[in-house]
Structures are given as C-alpha cells and as structure tokens.
file work.tsv (TSV, C-alpha atoms)
chain	number	residue	atom	x	y	z
A	1	MET	CA	41.26	161.71	-238.09
A	2	THR	CA	41.05	160.07	-234.71
A	3	THR	CA	43.16	157.15	-233.62
A	4	SER	CA	41.58	153.75	-233.10
A	5	GLY	CA	38.59	154.00	-230.82
A	6	SER	CA	39.50	157.25	-229.07
A	7	ASP	CA	38.96	160.95	-229.45
A	8	VAL	CA	42.70	161.60	-229.69
A	9	THR	CA	43.59	162.93	-233.10
A	10	VAL	CA	46.71	162.26	-235.13
A	11	GLU	CA	47.32	165.99	-235.09
A	12	SER	CA	47.20	166.19	-231.30
A	13	VAL	CA	49.57	163.25	-230.93
A	14	VAL	CA	52.03	164.79	-233.39
A	15	ARG	CA	51.90	168.20	-231.75
A	16	ARG	CA	52.42	166.68	-228.29
A	17	VAL	CA	55.39	164.61	-229.50
A	18	VAL	CA	56.97	167.60	-231.26
A	19	ALA	CA	56.55	169.68	-228.09
A	20	ARG	CA	58.66	167.14	-226.19
A	21	HIS	CA	61.45	167.54	-228.76
A	22	ARG	CA	61.13	171.31	-229.29
A	23	GLY	CA	64.51	172.95	-229.60
A	24	GLU	CA	66.46	169.79	-230.42
A	25	ARG	CA	68.62	169.87	-233.51
A	26	GLY	CA	67.65	167.24	-236.05
A	27	ALA	CA	64.43	166.41	-234.20
A	28	LEU	CA	62.64	164.84	-237.16
A	29	LEU	CA	63.92	161.28	-236.68
A	30	PRO	CA	63.26	161.12	-232.92
A	31	VAL	CA	59.84	162.67	-233.50
A	32	LEU	CA	58.98	160.13	-236.21
A	33	HIS	CA	60.04	157.27	-233.95
A	34	ALA	CA	57.91	158.66	-231.12
A	35	VAL	CA	54.88	159.17	-233.36
A	36	GLN	CA	55.19	155.61	-234.63
A	37	ALA	CA	55.58	154.31	-231.07
A	38	GLU	CA	52.33	156.03	-230.08
A	39	LEU	CA	50.26	155.39	-233.21
A	40	GLY	CA	51.83	152.20	-234.53
A	41	HIS	CA	52.70	153.91	-237.81
A	42	VAL	CA	53.28	157.36	-239.30
A	43	PRO	CA	50.00	158.18	-241.03
A	44	GLN	CA	49.95	160.38	-244.11
A	45	GLU	CA	47.95	163.05	-242.27
A	46	ALA	CA	50.86	163.46	-239.84
A	47	VAL	CA	53.17	164.72	-242.60
A	48	PRO	CA	51.75	168.27	-242.99
A	49	VAL	CA	51.54	168.71	-239.21
A	50	LEU	CA	55.15	167.59	-238.80
A	51	ALA	CA	56.24	169.89	-241.61
A	52	GLU	CA	54.50	172.86	-240.01
A	53	GLU	CA	55.71	172.12	-236.48
A	54	LEU	CA	59.34	171.50	-237.51
A	55	ASN	CA	59.50	174.22	-240.17
A	56	LEU	CA	60.23	171.70	-242.92
A	57	SER	CA	58.63	171.11	-246.29
A	58	ARG	CA	56.11	168.32	-246.65
A	59	ALA	CA	58.44	166.80	-249.22
A	60	ASP	CA	61.28	166.70	-246.68
A	61	VAL	CA	59.13	164.90	-244.11
A	62	HIS	CA	57.64	162.52	-246.69
A	63	GLY	CA	61.12	161.78	-248.03
A	64	VAL	CA	62.40	160.73	-244.61
A	65	VAL	CA	59.34	158.61	-243.83
A	66	THR	CA	59.58	156.77	-247.14
A	67	PHE	CA	63.37	156.45	-247.17
A	68	TYR	CA	63.79	154.65	-243.85
A	69	HIS	CA	62.30	151.17	-243.73
A	70	ASP	CA	61.77	151.46	-239.97
A	71	PHE	CA	58.84	153.80	-240.51
A	72	ARG	CA	55.49	152.28	-241.40
A	73	ARG	CA	52.93	154.28	-243.34
A	74	GLU	CA	50.21	151.74	-242.53
A	75	PRO	CA	49.54	149.94	-239.26
A	76	ALA	CA	51.42	146.66	-238.84
A	77	GLY	CA	49.70	143.41	-238.09
A	78	ARG	CA	49.11	142.28	-234.53
A	79	THR	CA	52.23	140.11	-234.89
A	80	THR	CA	55.36	141.40	-236.63
A	81	VAL	CA	57.76	138.77	-237.96
A	82	ARG	CA	61.19	139.98	-239.08
A	83	ILE	CA	63.41	137.72	-241.17
A	84	CYS	CA	67.15	138.39	-241.10
A	85	ARG	CA	68.60	138.81	-244.61
A	86	ALA	CA	72.20	139.64	-243.60
A	87	GLU	CA	75.10	137.64	-245.01
A	88	ALA	CA	75.37	134.99	-242.27
A	89	CYS	CA	71.65	134.23	-242.33
A	90	GLN	CA	71.60	134.30	-246.13
A	91	ALA	CA	74.40	131.72	-246.17
A	92	LEU	CA	72.40	129.52	-243.80
A	93	GLY	CA	69.11	129.57	-245.72
A	94	ALA	CA	67.24	132.85	-245.20
A	95	ASP	CA	66.18	132.75	-248.86
A	96	GLN	CA	64.17	129.60	-248.10
A	97	LEU	CA	62.30	131.52	-245.42
A	98	VAL	CA	61.52	134.37	-247.79
A	99	SER	CA	60.35	131.89	-250.42
A	100	TYR	CA	58.15	130.21	-247.83
A	101	THR	CA	56.43	133.46	-246.90
A	102	ARG	CA	55.89	134.35	-250.56
A	103	GLN	CA	54.46	130.90	-251.30
A	104	SER	CA	52.20	131.35	-248.28
A	105	GLY	CA	50.85	134.50	-249.91
A	106	LEU	CA	52.66	136.94	-247.65
A	107	PRO	CA	55.46	138.83	-249.40
A	108	LEU	CA	57.96	140.83	-247.37
A	109	GLY	CA	56.61	144.15	-246.24
A	110	GLU	CA	52.99	143.01	-246.43
A	111	THR	CA	50.33	142.39	-243.82
A	112	THR	CA	47.74	139.64	-244.00
A	113	ALA	CA	44.25	140.76	-245.02
A	114	ASP	CA	42.93	140.07	-241.53
A	115	GLY	CA	45.68	142.23	-239.98
A	116	SER	CA	47.13	139.38	-237.97
A	117	VAL	CA	50.72	139.22	-239.30
A	118	THR	CA	53.21	141.57	-240.95
A	119	VAL	CA	56.42	140.10	-242.39
A	120	GLU	CA	59.47	142.32	-242.74
A	121	GLN	CA	63.11	141.87	-243.64
A	122	VAL	CA	65.98	143.18	-241.56
A	123	PHE	CA	69.70	143.09	-242.17
A	124	CYS	CA	70.96	141.79	-238.86
A	125	LEU	CA	69.34	140.53	-235.71
A	126	GLY	CA	72.68	139.91	-234.00
A	127	ASN	CA	72.15	136.15	-233.86
A	128	CYS	CA	74.55	135.21	-236.66
A	129	ALA	CA	75.84	131.97	-235.09
A	130	LEU	CA	72.30	130.58	-234.99
A	131	GLY	CA	71.08	131.70	-238.40
A	132	PRO	CA	68.84	131.93	-240.14
A	133	SER	CA	67.22	134.06	-237.49
A	134	VAL	CA	63.71	135.40	-237.14
A	135	GLU	CA	62.21	137.80	-234.62
A	136	ALA	CA	58.51	137.65	-233.81
A	137	ASP	CA	57.13	140.43	-231.61
A	138	GLY	CA	60.54	140.99	-230.03
A	139	ARG	CA	61.32	137.32	-229.40
A	140	LEU	CA	64.39	135.98	-231.22
A	141	TYR	CA	64.46	132.53	-232.83
A	142	GLY	CA	67.54	130.82	-234.27
A	143	ARG	CA	68.07	128.00	-236.75
A	144	VAL	CA	64.69	128.67	-238.27
A	145	GLY	CA	63.62	126.53	-241.19
A	146	PRO	CA	60.40	126.78	-243.19
A	147	ALA	CA	58.46	124.48	-240.82
A	148	LYS	CA	59.43	126.50	-237.74
A	149	LEU	CA	58.68	129.73	-239.58
A	150	GLY	CA	55.23	128.35	-240.40
A	151	SER	CA	54.68	127.71	-236.70
A	152	ILE	CA	55.87	131.22	-235.84
A	153	LEU	CA	53.57	132.74	-238.45
A	154	ASN	CA	50.67	130.72	-237.11
A	155	GLY	CA	51.53	131.67	-233.53
A	156	THR	CA	51.95	128.07	-232.48
A	157	VAL	CA	55.67	127.91	-231.86
A	158	SER	CA	56.92	126.98	-228.41
A	159	SER	CA	60.36	127.90	-227.10

call {"tool": "encode", "arguments": {"input": "work.tsv", "output": "structure tokens"}}
result
Amino acid sequence: MTTSGSDVTVESVVRRVVARHRGERGALLPVLHAVQAELGHVPQEAVPVLAEELNLSRADVHGVVTFYHDFRREPAGRTTVRICRAEACQALGADQLVSYTRQSGLPLGETTADGSVTVEQVFCLGNCALGPSVEADGRLYGRVGPAKLGSILNGTVSS
C-alpha cells in the first residue's frame, strides 16, 4: 500500500522509522509514535513489518496498538477535537459536551463521514481551573459549553 498520493509505501516508512531506533531497548512505543507522526495513523499493514523488524510477534504489536488510545488505526479527521473527561472538567460539565457531540451524530472516537472532524476524549489537558476544557488541533479552549463546542466543531470559533 502506498501512502496518500505518493509512491512511499507503509512498509518503507516503517522500516525507515525502525532503522532510526535500531538498538534501543523497548523501541516499540517510540517507533509507533514516529510511524503515526509520519502516516497520521498506524495502519494494519504496518503490524507485520513492525513485528519482523523488532523481532516481536504480530500479536504483541497489535496488542500495544490497540491498548493505547493514543494510537489510531484509521486516519483522523482534518480537525481533531479532544474533550477533557478528567475529574475537574467532569465536575464542571464535560458530560454535557459529550452529550452534545453524540446528539450531533459524532460519538467519541469517531470521525465524520466527510473526514473533517474526529472527536476524542482525554483525561487531562492541564487546564483544570478553566474546565471544561477542549483542545482543537493543538489549541486549548477553557470554559467550553455546548454552544462554544458547536462553534469549535464547525471551525467558526474565534479566540
């Protein structure tokens, strides 16, 4: 398989990333992060290549990819919105934000059909005093209510 619009294959990306980490103990996690950084996700066809390169079983690699929520098995949307679900944000109304996304037809962990938005949950954004907090493409928002979340999801929010 080639990556989007190029002749670079998933296999070549994986082998190049593994080469940079060759000889490191416990290289699987850094390699997975690097593969995801380059490809936007860890595709299924990367698993056997990783297993071969790192002398692990396919089950071991698959288990790590599926255990950690940071690793995506499918490409994320063009915009990634992360809703904080930690205690402080929960106490300040994060459940309303989750309900809003579900009612909008976008459950946590899903991407819109057009690939524009992926909504994820996280368990701390480090903005507890201004909860509930949301991060959209690396930008942090505090005191987010359903209306502001709607604007963020639609890409129309200003500062």

call {"tool": "closest_residue", "arguments": {"input": "work.tsv", "among": "A:Gly63, A:Pro75, A:Gly26, A:Gly155", "to": "A:Pro43", "atoms": "only C-alpha atoms"}}
result
A:Pro75

call {"tool": "residues_near_point", "arguments": {"input": "work.tsv", "point": "(64.9, 136.9, -238.4)", "cutoff": "9 Å", "atoms": "all atoms listed in the file", "output": "short mmCIF file (atom, residue, chain, number, x, y, z; two decimals) with C-alpha atoms, keeping the file's coordinate frame"}}
result
data_model
loop_
_atom_site.label_atom_id
_atom_site.label_comp_id
_atom_site.auth_asym_id
_atom_site.auth_seq_id
_atom_site.Cartn_x
_atom_site.Cartn_y
_atom_site.Cartn_z
CA VAL A 81 57.76 138.77 -237.96
CA ARG A 82 61.19 139.98 -239.08
CA ILE A 83 63.41 137.72 -241.17
CA CYS A 84 67.15 138.39 -241.10
CA ARG A 85 68.60 138.81 -244.61
CA CYS A 89 71.65 134.23 -242.33
CA ALA A 94 67.24 132.85 -245.20
CA GLU A 120 59.47 142.32 -242.74
CA GLN A 121 63.11 141.87 -243.64
CA VAL A 122 65.98 143.18 -241.56
CA PHE A 123 69.70 143.09 -242.17
CA CYS A 124 70.96 141.79 -238.86
CA LEU A 125 69.34 140.53 -235.71
CA ASN A 127 72.15 136.15 -233.86
CA GLY A 131 71.08 131.70 -238.40
CA PRO A 132 68.84 131.93 -240.14
CA SER A 133 67.22 134.06 -237.49
CA VAL A 134 63.71 135.40 -237.14
CA GLU A 135 62.21 137.80 -234.62
CA ALA A 136 58.51 137.65 -233.81
CA LEU A 140 64.39 135.98 -231.22
CA TYR A 141 64.46 132.53 -232.83
CA GLY A 142 67.54 130.82 -234.27
CA VAL A 144 64.69 128.67 -238.27
#

call {"tool": "residues_around", "arguments": {"input": "work.tsv", "residues": "A:Arg73", "least_positions_apart": "4", "cutoff": "7 Å", "atoms": "all atoms listed in the file", "output": "number ranges by chain"}}
result
A: 41-44

call {"tool": "write_last_selection", "arguments": {"input": "work.tsv", "atoms": "C-alpha atoms", "output": "PDB file, in the frame of the given file"}}
result
ATOM      1  CA  HIS A  41      52.700 153.910-237.810  1.00  0.00           C
ATOM      2  CA  VAL A  42      53.280 157.360-239.300  1.00  0.00           C
ATOM      3  CA  PRO A  43      50.000 158.180-241.030  1.00  0.00           C
ATOM      4  CA  GLN A  44      49.950 160.380-244.110  1.00  0.00           C
TER       5      GLN A  44
END

call {"tool": "closest_residue", "arguments": {"input": "work.tsv", "among": "A:Asp70, A:Glu110, A:Asp95, A:Glu11", "to": "A:Leu50", "atoms": "only C-alpha atoms"}}
result
A:Glu11

call {"tool": "atom_distance", "arguments": {"input": "work.tsv", "atom1": "atom CA of A:Arg78", "atom2": "atom CA of A:Ser116"}}
result
4.9 Å

call {"tool": "atom_distance", "arguments": {"input": "work.tsv", "atom1": "atom CA of A:Val64", "atom2": "atom CA of A:Ala51"}}
result
11.4 Å

call {"tool": "residues_around", "arguments": {"input": "work.tsv", "residues": "stretch 20-23 of chain A", "least_positions_apart": "4", "cutoff": "10 Å", "atoms": "only C-alpha atoms", "output": "list of chain:residue names"}}
result
A:Arg15, A:Arg16, A:Ala27, A:Leu28, A:Pro30, A:Val31, A:Ala34, A:Glu53, A:Leu54

call {"tool": "closest_residue", "arguments": {"input": "work.tsv", "among": "A:Gln36, A:Gln90, A:Thr9, A:Thr79", "to": "A:Thr118", "atoms": "only C-alpha atoms"}}
result
A:Thr79

call {"tool": "closest_residue", "arguments": {"input": "work.tsv", "among": "A:Ser12, A:Ser99, A:Asn55, A:Thr80", "to": "A:Gly145", "atoms": "all atoms listed in the file"}}
result
A:Ser99

call {"tool": "atom_distance", "arguments": {"input": "work.tsv", "atom1": "atom CA of A:Lys148", "atom2": "atom CA of A:Ala129"}}
result
17.5 Å

call {"tool": "closest_residue", "arguments": {"input": "work.tsv", "among": "A:Ala76, A:Leu153, A:Glu87, A:Ala113", "to": "A:Ala37", "atoms": "all atoms listed in the file"}}
result
A:Ala76

call {"tool": "closest_residue", "arguments": {"input": "work.tsv", "among": "A:Arg102, A:Ala59, A:Leu92, A:Leu39", "to": "A:Arg72", "atoms": "all atoms listed in the file"}}
result
A:Leu39

call {"tool": "axis_aligned_box", "arguments": {"input": "work.tsv", "around": "stretch 132-150 of chain A", "padding_each_side": "4 Å", "output": "lines of an AutoDock Vina configuration file"}}
result
center_x = 62.0
center_y = 132.7
center_z = -236.3
size_x = 21.6
size_y = 24.5
size_z = 21.8

call {"tool": "decode", "arguments": {"input": "work.tsv", "residues": "stretch 72-108 of chain A", "atoms": "C-alpha atoms", "output": "compact mmCIF listing (two decimals), in the first residue's frame"}}
result
# COMPACT_ATOMS: atom_id res chain seq x y z
CA ARG A 72 -5.05 5.49 15.70
CA ARG A 73 -5.70 2.56 13.41
CA GLU A 74 -7.53 4.78 10.93
CA PRO A 75 -6.64 8.29 9.78
CA ALA A 76 -8.07 11.08 11.92
CA GLY A 77 -10.17 13.86 10.51
CA ARG A 78 -8.60 17.08 9.29
CA THR A 79 -9.52 18.60 12.66
CA THR A 80 -9.07 16.66 15.91
CA VAL A 81 -11.17 17.82 18.87
CA ARG A 82 -10.27 16.39 22.27
CA ILE A 83 -12.68 16.75 25.18
CA CYS A 84 -11.24 16.53 28.69
CA ARG A 85 -13.03 13.93 30.83
CA ALA A 86 -10.86 14.24 33.96
CA GLU A 87 -12.45 14.91 37.34
CA ALA A 88 -12.26 18.72 37.33
CA CYS A 89 -13.75 19.01 33.85
CA GLN A 90 -16.36 16.37 34.65
CA ALA A 91 -17.42 18.39 37.70
CA LEU A 92 -17.75 21.48 35.52
CA GLY A 93 -19.88 19.93 32.77
CA ALA A 94 -17.79 17.79 30.42
CA ASP A 95 -20.68 15.30 30.23
CA GLN A 96 -22.77 17.98 28.52
CA LEU A 97 -20.08 18.30 25.86
CA VAL A 98 -20.01 14.56 25.28
CA SER A 99 -23.81 14.50 25.07
CA TYR A 100 -23.69 17.36 22.57
CA THR A 101 -21.29 15.52 20.29
CA ARG A 102 -23.38 12.33 20.47
CA GLN A 103 -26.57 14.25 19.70
CA SER A 104 -24.73 15.85 16.78
CA GLY A 105 -24.09 12.36 15.44
CA LEU A 106 -20.43 12.23 16.36
CA PRO A 107 -19.67 9.84 19.22
CA LEU A 108 -16.28 9.92 20.92
